[in-house]
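Here is target-v7.tsv, consisting of TSV, C-alpha atoms:
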chain	number	residue	atom	x	y	z
A	1	ARG	CA	0.00	0.00	0.00
A	2	SER	CA	1.33	3.47	-0.89
A	3	PRO	CA	2.35	5.68	2.06
A	4	ALA	CA	0.82	9.06	2.74
A	5	PRO	CA	1.92	11.75	0.24
A	6	HIS	CA	3.66	13.79	2.94
A	7	SER	CA	5.63	10.90	4.40
A	8	PRO	CA	9.30	12.04	4.47
A	9	GLU	CA	10.78	8.63	3.63
A	10	PRO	CA	8.13	6.30	2.14
A	11	ALA	CA	8.73	2.57	2.11
A	12	PRO	CA	9.30	0.80	-1.23
A	13	PRO	CA	6.33	-1.01	-2.81
A	14	LEU	CA	5.84	-4.70	-2.12
A	15	LEU	CA	7.41	-7.02	-4.68
A	16	HIS	CA	4.41	-9.34	-4.49
A	17	ALA	CA	1.44	-7.17	-3.67
A	18	PRO	CA	-2.05	-8.67	-4.24
A	19	ARG	CA	-3.33	-8.21	-7.78
A	20	VAL	CA	-6.30	-5.88	-8.25
A	21	TRP	CA	-8.08	-6.44	-11.56
A	22	THR	CA	-9.90	-3.45	-12.99
A	23	THR	CA	-11.32	-2.26	-16.29
A	24	ALA	CA	-9.20	-1.05	-19.21
A	25	ALA	CA	-7.50	2.31	-18.87
A	26	LYS	CA	-8.77	5.41	-20.61
A	27	MET	CA	-6.34	7.20	-22.93
A	28	ASP	CA	-5.97	10.92	-22.18
A	29	MET	CA	-3.40	13.54	-23.10
A	30	ASP	CA	-2.33	14.44	-19.56
A	31	ASN	CA	-2.19	12.82	-16.18
A	32	ARG	CA	-0.87	13.47	-12.66
A	33	GLY	CA	-0.52	11.59	-9.41
A	34	TRP	CA	1.68	9.67	-6.97
A	35	LEU	CA	3.94	6.90	-8.28
A	36	TYR	CA	7.00	5.05	-7.05
A	37	LYS	CA	10.26	5.66	-8.92
A	38	ARG	CA	13.43	3.65	-8.59
A	39	GLY	CA	16.62	5.65	-8.05
A	40	LYS	CA	19.35	5.75	-10.70
A	41	PHE	CA	22.35	5.06	-8.46
A	42	VAL	CA	20.84	3.99	-5.13
A	43	GLN	CA	18.12	1.69	-6.43
A	44	SER	CA	15.58	2.29	-3.69
A	45	TRP	CA	11.97	3.16	-4.43
A	46	LYS	CA	10.82	6.70	-3.61
A	47	ASN	CA	7.32	8.13	-3.75
A	48	ARG	CA	7.18	11.00	-6.25
A	49	TYR	CA	4.40	13.18	-7.62
A	50	PHE	CA	4.34	12.98	-11.44
A	51	ILE	CA	2.79	15.42	-13.93
A	52	VAL	CA	2.58	15.04	-17.71
A	53	ASP	CA	2.83	18.25	-19.75
A	54	PRO	CA	0.75	17.60	-22.91
A	55	ILE	CA	2.13	20.74	-24.61
A	56	LYS	CA	5.85	20.09	-24.15
A	57	HIS	CA	5.34	16.29	-24.01
A	58	THR	CA	7.43	15.97	-20.86
A	59	LEU	CA	7.03	14.07	-17.61
A	60	CYS	CA	7.97	16.04	-14.47
A	61	TYR	CA	8.26	14.59	-10.98
A	62	TYR	CA	8.26	16.37	-7.60
A	63	GLN	CA	8.72	15.48	-3.96
A	64	SER	CA	5.30	17.03	-3.25
A	65	PRO	CA	2.42	18.36	-5.39
A	66	PRO	CA	3.41	21.79	-6.80
A	67	GLU	CA	-0.13	23.10	-6.45
A	68	GLU	CA	0.23	22.94	-2.67
A	69	ALA	CA	3.22	25.27	-2.82
A	70	GLU	CA	1.47	27.54	-5.33
A	71	ALA	CA	-1.47	27.86	-2.94
A	72	LYS	CA	1.00	29.29	-0.41
A	73	GLY	CA	2.51	31.66	-2.96
A	74	ARG	CA	5.64	29.58	-3.57
A	75	ILE	CA	6.86	28.03	-6.81
A	76	ILE	CA	8.84	24.81	-6.65
A	77	LYS	CA	10.95	23.35	-9.42
A	78	PRO	CA	10.50	19.74	-10.49
A	79	HIS	CA	12.94	17.21	-9.09
A	80	GLY	CA	13.37	15.92	-12.65
A	81	ILE	CA	12.07	16.47	-16.19
A	82	ILE	CA	11.83	13.61	-18.69
A	83	ASP	CA	11.49	14.34	-22.41
A	84	LEU	CA	8.96	11.83	-23.78
A	85	THR	CA	10.03	12.32	-27.42
A	86	ASN	CA	11.33	9.08	-28.96
A	87	SER	CA	10.54	7.19	-25.76
A	88	SER	CA	8.92	3.80	-25.26
A	89	VAL	CA	6.95	2.28	-22.40
A	90	ILE	CA	6.52	-1.39	-21.53
A	91	ALA	CA	5.17	-3.22	-18.49
A	92	GLU	CA	7.81	-5.02	-16.42
A	93	LYS	CA	7.15	-8.42	-14.89
A	94	GLY	CA	9.31	-10.65	-12.74
A	95	THR	CA	10.48	-11.20	-9.19
A	96	ASN	CA	12.93	-8.28	-9.45
A	97	PHE	CA	10.13	-5.77	-10.00
A	98	PRO	CA	7.14	-4.72	-7.88
A	99	GLU	CA	3.59	-5.23	-9.03
A	100	ASN	CA	2.23	-2.77	-11.63
A	101	CYS	CA	5.72	-1.70	-12.69
A	102	PHE	CA	6.62	-0.28	-16.10
A	103	ARG	CA	9.82	0.87	-17.78
A	104	LEU	CA	10.03	4.26	-19.49
A	105	SER	CA	12.94	4.13	-21.93
A	106	THR	CA	14.35	7.40	-23.30
A	107	PRO	CA	17.46	7.95	-25.46
A	108	GLY	CA	19.37	8.97	-22.32
A	109	ARG	CA	18.08	6.66	-19.58
A	110	ASP	CA	15.65	3.96	-18.48
A	111	TYR	CA	13.19	4.88	-15.70
A	112	TYR	CA	11.47	2.21	-13.58
A	113	ILE	CA	8.14	3.36	-12.20
A	114	SER	CA	5.44	1.55	-10.24
A	115	ALA	CA	1.75	2.37	-9.77
A	116	SER	CA	-0.56	1.31	-6.95
A	117	ASP	CA	-2.86	-0.84	-9.13
A	118	PRO	CA	-3.15	-2.20	-12.72
A	119	PHE	CA	-5.67	0.46	-13.78
A	120	LYS	CA	-3.32	3.32	-12.89
A	121	MET	CA	-0.40	1.54	-14.53
A	122	ASN	CA	-2.31	1.06	-17.79
A	123	THR	CA	-3.52	4.67	-17.70
A	124	TRP	CA	0.01	6.00	-17.28
A	125	ILE	CA	1.37	3.71	-20.01
A	126	SER	CA	-1.33	4.93	-22.43
A	127	VAL	CA	-0.73	8.61	-21.61
A	128	LEU	CA	3.06	8.32	-21.92
A	129	ARG	CA	2.87	6.42	-25.21
A	130	LEU	CA	0.48	8.98	-26.68
A	131	ASN	CA	2.71	11.91	-25.68
A	132	SER	CA	5.74	10.09	-27.05
A	133	LYS	CA	4.08	9.68	-30.45
A	134	LEU	CA	2.89	13.28	-30.57
A	135	GLY	CA	6.25	14.67	-29.41
A	136	THR	CA	8.10	12.60	-32.02
A	137	LEU	CA	5.68	13.76	-34.72
A	138	GLU	CA	6.10	17.43	-33.75
A	139	LYS	CA	9.91	17.10	-33.80
A	140	SER	CA	9.79	15.58	-37.29
A	141	VAL	CA	7.61	18.48	-38.50
A	142	GLU	CA	10.01	21.01	-36.92
A	143	LYS	CA	12.90	19.46	-38.89
A	144	GLU	CA	11.05	20.32	-42.09
A	145	ILE	CA	10.86	23.97	-40.99
A	146	PRO	CA	14.34	25.61	-40.63
A	147	ASP	CA	14.86	27.38	-37.26
A	148	GLY	CA	11.23	26.78	-36.46
A	149	LYS	CA	10.26	29.70	-38.74
A	150	ILE	CA	7.99	29.58	-41.72
A	151	ASP	CA	6.77	32.32	-44.02
A	152	ALA	CA	3.34	32.62	-45.62
A	153	GLU	CA	4.47	31.11	-48.93
A	154	ALA	CA	6.06	28.11	-47.23
A	155	ALA	CA	3.00	27.70	-45.03
A	156	GLU	CA	0.78	27.68	-48.09
A	157	GLU	CA	3.06	25.12	-49.75
A	158	LEU	CA	2.99	22.87	-46.68
A	159	ASP	CA	-0.77	23.26	-46.48
A	160	GLU	CA	-1.06	22.20	-50.13
A	161	GLN	CA	1.17	19.18	-49.48
A	162	TYR	CA	-0.88	18.07	-46.50
A	163	SER	CA	-4.12	18.79	-48.41
A	164	LEU	CA	-2.88	16.71	-51.34
A	165	SER	CA	-1.88	13.88	-49.00
A	166	PHE	CA	-5.30	14.04	-47.38
A	167	LYS	CA	-7.08	14.04	-50.76
A	168	LEU	CA	-5.03	11.06	-51.97
A	169	ALA	CA	-5.77	9.17	-48.78
A	170	ALA	CA	-9.47	10.08	-49.00
A	171	ASN	CA	-9.66	9.07	-52.68
A	172	LYS	CA	-7.97	5.77	-51.89
A	173	MET	CA	-10.43	5.13	-49.10
A	174	LEU	CA	-13.42	6.05	-51.29
A	175	LYS	CA	-12.15	3.79	-54.10
A	176	THR	CA	-11.82	0.93	-51.63
A	177	LEU	CA	-15.36	1.54	-50.43
A	178	SER	CA	-16.62	1.75	-54.01
A	179	ASP	CA	-14.87	-1.49	-54.97
A	180	THR	CA	-16.29	-3.14	-51.88
A	181	ALA	CA	-19.78	-1.90	-52.76
A	182	VAL	CA	-19.48	-3.14	-56.36
A	183	SER	CA	-18.20	-6.48	-55.12
A	184	SER	CA	-21.03	-6.66	-52.60
A	185	ARG	CA	-23.64	-5.85	-55.25
A	186	SER	CA	-22.12	-8.44	-57.56
A	187	THR	CA	-22.17	-11.00	-54.78
A	188	LEU	CA	-25.78	-10.18	-53.93
A	189	GLU	CA	-26.79	-10.53	-57.58
A	190	GLU	CA	-25.03	-13.88	-57.82
A	191	VAL	CA	-26.73	-15.09	-54.64
A	192	SER	CA	-30.13	-13.90	-55.88
A	193	THR	CA	-29.63	-15.66	-59.24
A	194	LYS	CA	-28.58	-18.90	-57.57
A	195	LYS	CA	-31.52	-18.74	-55.17
A	196	TYR	CA	-33.89	-18.23	-58.12
A	197	GLU	CA	-32.33	-21.17	-60.01
A	198	VAL	CA	-32.54	-23.43	-56.95
A	199	LYS	CA	-36.13	-22.36	-56.36
A	200	ASN	CA	-37.06	-23.24	-59.94
A	201	GLN	CA	-35.27	-26.60	-59.68
A	202	LEU	CA	-37.12	-27.40	-56.45
A	203	LYS	CA	-40.41	-26.43	-58.09
A	204	LYS	CA	-39.75	-28.72	-61.06
A	205	TYR	CA	-38.65	-31.54	-58.74
A	206	LYS	CA	-41.83	-31.10	-56.68
A	207	GLU	CA	-43.98	-31.20	-59.81
A	208	ALA	CA	-42.14	-34.32	-61.01
A	209	VAL	CA	-42.66	-36.06	-57.67
A	210	LYS	CA	-46.33	-35.10	-57.69
A	211	ALA	CA	-46.78	-36.43	-61.24
A	212	GLN	CA	-45.01	-39.68	-60.31
A	213	HIS	CA	-47.21	-40.03	-57.24
A	214	THR	CA	-50.35	-39.47	-59.36
A	215	GLU	CA	-49.18	-42.08	-61.86
A	216	LEU	CA	-48.55	-44.65	-59.11
A	217	GLU	CA	-51.99	-44.04	-57.62
A	218	ALA	CA	-53.58	-44.58	-61.06
A	219	LYS	CA	-51.72	-47.89	-61.52
A	220	LEU	CA	-52.74	-49.09	-58.05
A	221	LYS	CA	-56.35	-48.22	-58.78
A	222	GLN	CA	-56.18	-50.15	-62.09
A	223	LEU	CA	-54.73	-53.22	-60.36
A	224	ARG	CA	-57.50	-53.24	-57.73
A	225	THR	CA	-60.14	-52.97	-60.45
A	226	SER	CA	-58.69	-55.89	-62.42
A	227	GLU	CA	-58.75	-58.13	-59.35
This entry written out as structure tokens:
Amino acid sequence: RSPAPHSPEPAPPLLHAPRVWTTAAKMDMDNRGWLYKRGKFVQSWKNRYFIVDPIKHTLCYYQSPPEEAEAKGRIIKPHGIIDLTNSSVIAEKGTNFPENCFRLSTPGRDYYISASDPFKMNTWISVLRLNSKLGTLEKSVEKEIPDGKIDAEAAEELDEQYSLSFKLAANKMLKTLSDTAVSSRSTLEEVSTKKYEVKNQLKKYKEAVKAQHTELEAKLKQLRTSE
């Protein structure tokens, strides 16, 4: 069980805490809350308050919630800032890790973090992965724009490029839908034709059976009369 937020030296999480099964996590852009983080050099687990910045795509962690200090007119700096660009997040399992643990891998370092239950772990993993993708995408767009500046002509050109890409993608999707519709109509027509043919064959077979039955009855009647 996690210690109180204001505990000066919280105990590390249990390596084999009871599992708590919950529903799937919801994917949002930002998130904040208490998590355990393993130290880089002294590998003990400390309770830290984490906040995701969905604009800068960073993960900051504090020794206490910054809003508490802000309410008292003080501003505290984060204990650490993690750039989520080009990062990856995976759940960690094994006897060497606590329950609900995940690894946040960045180009500079791996961070081991543990949540209090599976729902919170899955929520954090979803949020961090989403910010990683968006941060990576924004960095790739910035590389296309020298010094982060862009004039009206270049903006119009980029807009045309993205518009063209969108139109091509939309046309491709519409063509696929059209082909599917044509194929579906063709399939429906084939099914209808086969059903009609089968229906006619059954009708003819029924008429043939009826005629044969009538003929047998006539022969039986003739035999009884001759006796």
Original post:
Which value, in Å to one decimal, gives the distance between atom CA of Ala71 of chain A and atom CA of Tyr49 of chain A?
Top reply: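 Computing the Euclidean distance for atom CA of Ala71 of chain A and atom CA of Tyr49 of chain A yields 16.5 Å.
Atom pair atom CA of Ile81 of chain A / atom CA of Lys56 of chain A: separated by 10.7 Å.
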Original post:
For Asn86 of chain A, which residue among A:Arg32, A:Lys199, A:Arg129, A:Arg224 is the nearest when counting only C-alpha atoms?
Top reply: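 That would be A:Arg129, the residue with the smallest distance to Asn86 of chain A.
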Subject >> Between atom CA of Ile113 of chain A and atom CA of Cys101 of chain A - distance in Å to one decimal >> reply: 5.6 Å
Original post:
For Glu138 of chain A, which of A:Ala218, A:Ile76, A:Val209, A:Leu84 is the closest residue, counting only C-alpha atoms?
Top reply: A:Leu84
Subject >> Surrounding residues of segment 65-70 of chain A excluding itself and chain neighbours under 6 positions, 10 Å, all atoms listed in the file, as JSON, numbers by chain >> reply: {"A": [5, 6, 32, 33, 34, 48, 49, 50, 51, 76, 77, 78]}
Size and centre in Å, one decimal, axis-aligned box, all listed segment 36-53 of chain A atoms plus 5 Å per side, as AutoDock Vina command-line options:
--center_x 12.5 --center_y 10.0 --center_z -11.7 --size_x 29.8 --size_y 26.6 --size_z 26.1
Subject >> Using only C-alpha atoms: which of A:Ile55, A:Cys60, A:Val89, A:Leu137 has the shortest distance to Tyr112 of chain A >> reply: A:Val89
**OP:** Counting all atoms listed in the file, figure out which residue out of A:Thr193, A:Thr136, A:Ala115, A:Thr214 gets nearest to Phe97 of chain A.
**Re:** A:Ala115
Original post:
Between A:Thr95, A:Leu220, A:Asn100, A:Lys139, which one has atoms that come closest to Lys120 of chain A, using all atoms listed in the file?
Top reply: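 Looking only at the distances to Lys120 of chain A, the closest residue turns out to be A:Asn100.
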